[in-house]
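Data first, discussion second: the structure below is written as structure tokens.
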Amino acid sequence: MQTLPAPPFKGMGKLIHIAAWAILFGLPFFFTGRESQTVTVLSYIRSMIVPLSFVLVFYANYFVLIDHFLFSKHPWKFLLCNVVLIAAAMGAVHLMFELLPHPEWEHPRPEREWQEIVGFFMVNAMLYMLVAGLSVAIKMTGSWYQMESSRRELEKSRAEAELQNLKSQLNPHFLFNTLNNIYSLIAFSPERAQEAVHDLSRLLRYVLYDSSQPMVPLEKELDFIRNYVELMRIRLPEHVKLTTDISAATPETLVAPLLFISLIENAFKHGVSHNKPSFIDLKIHQEGTRIVCSIRNSHFPKDNGQDKSGSGIGLQNLSRRLELLYPSHHIFTYGQKGDEYVCLLELQA
């Protein structure tokens, strides 16, 4: 997606330009010197000659020279054009001062030595160079802000696209695991399998619709987890101990959807043995502004041949989502401790 360049005058920038030049052109009305030096049309026109030349130099750089030469990496052409522009502006100013009548209160100036004339023109040339430099500074600052805004917009678009891609990987993974559970029910309890399909439809409604929002109420997310755990409990053997403690002190707290489900799927996938005592301990609660999810389970890692739950997205996918959604506002640790596998996720809501 390409961002079109912003116009030179826009919003606050336009007001700043207008205010600055209004102050400059209004100065003769505030600094008139002696009482006899009243502001007349002639005196005002003479006092505006130099400011108008500043305007010419400023906007010739702002609209033309900077874009055509400086930004296109032709600095020598830019400098040469400014030398010609400033010389022309100074010559025009001198000519207009000579052509316009002098105010009555202004005494004729004595003839100057050539050294004084050269010094006078050097000082004025420096002023015009400062005006040109100010134009460059303002233009480059505006361009930097525009590029920074475009960069942030691009990063935001990329992050949103990556999050969407991660979510699209999560949905089939969740579906594969749940369908496996229902498939195992069909053989020995068709009635429970039908109930499980109904429960699955509710879970899918949340996954496909509610979770499309950037944030959801915490209680909705916890309801989804409770329903998922109960659906997974159907196929657990008797020797598997499943304990849960899921609660929200402030249910209206907003949280990114489908963050905890990957940890829970991982616990059911690797924490259950078909012939050995197993356990899964799941706790989700709030501590002030923090949401804490801790999971402990027995560890029975499955190889690719044994695992029929689908390719999945794994904990690395979750880690990347947390980096995008909660940068510097989360703690995520996981790993094996003896015969157990422990996961801890803390979010700063």
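Quick note on naming: the chains in the structure tokens go A, B, ... in the order shown, residues restart at 1 in each chain, and ligands are numbered from 1 in order of appearance.
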
Contacts of Leu65 (chain A) at 12 Å (only C-alpha atoms; same-chain gap of 3+ positions) as a compact mmCIF listing (two decimals) with N, CA and C atoms, in the first residue's frame:
# COMPACT_ATOMS: atom_id res chain seq x y z
N LEU A 56 9.46 35.58 -0.94
CA LEU A 56 9.84 35.04 -2.24
C LEU A 56 10.92 33.98 -2.11
N VAL A 57 11.98 34.28 -1.36
CA VAL A 57 13.08 33.34 -1.19
C VAL A 57 12.61 32.10 -0.43
N PHE A 58 11.80 32.31 0.61
CA PHE A 58 11.34 31.19 1.43
C PHE A 58 10.52 30.20 0.60
N TYR A 59 9.50 30.70 -0.12
CA TYR A 59 8.60 29.79 -0.81
C TYR A 59 9.15 29.30 -2.14
N ALA A 60 10.08 30.02 -2.72
CA ALA A 60 10.76 29.48 -3.90
C ALA A 60 11.54 28.24 -3.52
N ASN A 61 12.14 28.27 -2.33
CA ASN A 61 12.82 27.07 -1.82
C ASN A 61 11.82 26.02 -1.39
N TYR A 62 10.79 26.43 -0.67
CA TYR A 62 9.84 25.49 -0.06
C TYR A 62 9.08 24.68 -1.11
N HIS A 68 13.05 19.85 -6.19
CA HIS A 68 13.65 19.57 -7.48
C HIS A 68 15.15 19.30 -7.41
N PHE A 69 15.84 19.90 -6.45
CA PHE A 69 17.29 19.78 -6.43
C PHE A 69 17.84 19.14 -5.15
N LEU A 70 17.39 19.61 -3.98
CA LEU A 70 17.97 19.08 -2.74
C LEU A 70 17.52 17.65 -2.47
N PHE A 71 16.20 17.39 -2.58
CA PHE A 71 15.69 16.05 -2.33
C PHE A 71 16.08 15.08 -3.45
N SER A 72 16.36 15.60 -4.63
CA SER A 72 16.77 14.73 -5.74
C SER A 72 18.29 14.60 -5.83
N LYS A 73 18.97 15.01 -4.73
CA LYS A 73 20.42 14.83 -4.59
C LYS A 73 21.22 15.60 -5.65
N HIS A 74 20.86 16.88 -5.82
CA HIS A 74 21.65 17.79 -6.65
C HIS A 74 21.97 19.04 -5.81
N PRO A 75 22.77 18.88 -4.76
CA PRO A 75 23.01 20.01 -3.84
C PRO A 75 23.68 21.20 -4.50
N TRP A 76 24.58 20.96 -5.48
CA TRP A 76 25.28 22.08 -6.11
C TRP A 76 24.30 22.91 -6.93
N LYS A 77 23.39 22.28 -7.63
CA LYS A 77 22.37 23.03 -8.36
C LYS A 77 21.48 23.81 -7.39
N PHE A 78 21.19 23.20 -6.25
CA PHE A 78 20.39 23.88 -5.23
C PHE A 78 21.10 25.14 -4.73
N LEU A 79 22.39 25.04 -4.44
CA LEU A 79 23.16 26.19 -3.95
C LEU A 79 23.27 27.26 -5.02
N LEU A 80 23.53 26.85 -6.26
CA LEU A 80 23.66 27.81 -7.35
C LEU A 80 22.35 28.57 -7.57
N CYS A 81 21.24 27.84 -7.56
CA CYS A 81 19.94 28.50 -7.75
C CYS A 81 19.66 29.48 -6.62
N ASN A 82 20.05 29.14 -5.40
CA ASN A 82 19.83 30.05 -4.29
C ASN A 82 20.71 31.29 -4.39
N VAL A 83 21.94 31.12 -4.87
CA VAL A 83 22.80 32.30 -5.07
C VAL A 83 22.17 33.25 -6.07
N VAL A 84 21.69 32.70 -7.18
CA VAL A 84 21.04 33.54 -8.20
C VAL A 84 19.77 34.16 -7.65
N LEU A 85 18.97 33.37 -6.92
CA LEU A 85 17.71 33.87 -6.36
C LEU A 85 17.95 34.99 -5.37
N ALA A 132 16.48 31.05 3.60
CA ALA A 132 16.52 29.82 2.80
C ALA A 132 16.77 28.60 3.68
N GLY A 133 17.69 28.74 4.66
CA GLY A 133 17.96 27.64 5.59
C GLY A 133 16.74 27.28 6.42
N SER A 135 13.66 27.64 5.49
CA SER A 135 12.76 26.92 4.58
C SER A 135 13.15 25.46 4.47
N VAL A 136 14.47 25.20 4.34
CA VAL A 136 14.96 23.82 4.25
C VAL A 136 14.63 23.06 5.53
N LYS A 139 10.86 22.33 5.75
CA LYS A 139 10.48 21.35 4.74
C LYS A 139 10.96 19.94 5.12

Find the distance between CA of Met48 (chain A) and CA of Ile16 (chain A) and write it in Å to one decimal.
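Here the two named atoms are 19.9 Å from each other.
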
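Comparing the minimum interatomic distances between Cys343 (chain A) and each of A:Lys241, A:Ser328, A:Pro277, A:Leu263, counting only C-alpha atoms, we find that A:Leu263 sits nearest.
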
Give me, please, the distance in Å between CA of Val240 (chain A) and CA of Gln316 (chain A), quoted to one decimal.
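That distance, rounded to one decimal, is 26.9 Å.
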
Tell me which of A:Phe279, A:Tyr326, A:Phe268, A:Trp144 sits closest to Val229 (chain A), counting only C-alpha atoms.
A:Phe268

Going by DSSP on the backbone, which bits of region 227-293 of chain A are alpha helix (DSSP H)? Write them as a PyMOL selection string, please.
chain A and resi 227-233+261-270

Between A:Ile331, A:Ala137, A:Met96, A:Val197, which is the closest to Leu318 (chain A) once you count only C-alpha atoms?
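For Leu318 (chain A), the nearest of the given residues is A:Ile331.
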
Closest to Glu221 (chain A) among A:Asp199, A:Glu287, A:Asp67, A:Glu252, using only C-alpha atoms?
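Ranking A:Asp199, A:Glu287, A:Asp67, A:Glu252 by distance to Glu221 (chain A), first place goes to A:Glu252.
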
Best match for closeness to Leu134 (chain A) among A:Gly26, A:Val64, A:Phe54, A:Leu236, counting only C-alpha atoms
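Using only C-alpha atoms, the shortest distance to Leu134 (chain A) belongs to A:Phe54.
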
Need to verify the contact set: Pro217 (chain A), 9 Å, only C-alpha atoms, exclusion of same-chain residues closer than 6 positions in sequence. Can you return it as number ranges by chain?
A: 251-257

Could those residues be written to a file, using N, CA and C atoms, as a PDB file, in the first residue's frame?
ATOM      1  N   PRO A 251     -14.760  -8.857  35.287  1.00  0.00           N
ATOM      2  CA  PRO A 251     -15.077  -9.542  34.027  1.00  0.00           C
ATOM      3  C   PRO A 251     -15.039  -8.641  32.807  1.00  0.00           C
ATOM      4  N   GLU A 252     -15.235  -7.316  33.012  1.00  0.00           N
ATOM      5  CA  GLU A 252     -15.280  -6.414  31.858  1.00  0.00           C
ATOM      6  C   GLU A 252     -13.894  -6.046  31.330  1.00  0.00           C
ATOM      7  N   THR A 253     -12.833  -6.489  32.001  1.00  0.00           N
ATOM      8  CA  THR A 253     -11.473  -6.218  31.525  1.00  0.00           C
ATOM      9  C   THR A 253     -11.299  -6.731  30.099  1.00  0.00           C
ATOM     10  N   LEU A 254     -10.706  -5.919  29.254  1.00  0.00           N
ATOM     11  CA  LEU A 254     -10.513  -6.300  27.859  1.00  0.00           C
ATOM     12  C   LEU A 254      -9.194  -7.044  27.684  1.00  0.00           C
ATOM     13  N   VAL A 255      -9.228  -8.079  26.847  1.00  0.00           N
ATOM     14  CA  VAL A 255      -8.053  -8.910  26.600  1.00  0.00           C
ATOM     15  C   VAL A 255      -8.083  -9.357  25.144  1.00  0.00           C
ATOM     16  N   ALA A 256      -6.915  -9.572  24.570  1.00  0.00           N
ATOM     17  CA  ALA A 256      -6.857 -10.102  23.209  1.00  0.00           C
ATOM     18  C   ALA A 256      -7.389 -11.527  23.202  1.00  0.00           C
ATOM     19  N   PRO A 257      -8.208 -11.894  22.231  1.00  0.00           N
ATOM     20  CA  PRO A 257      -8.835 -13.225  22.247  1.00  0.00           C
ATOM     21  C   PRO A 257      -7.861 -14.331  21.852  1.00  0.00           C
TER      22      PRO A 257
END

Please identify all polymer residues within 12 Å of Arg296 (chain A), counting only C-alpha atoms, omitting same-chain residues fewer than 3 positions from it, and present them as a ChimeraX atom specification.
/A:241-244,263-264,266-268,270-272,278-284,293,299,334-344

Here is a test: counting only C-alpha atoms, which residue of A:Leu258, A:Val55, A:Val123, A:Leu42 is nearest to Leu208 (chain A)?
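That would be A:Leu258, the residue with the smallest distance to Leu208 (chain A).
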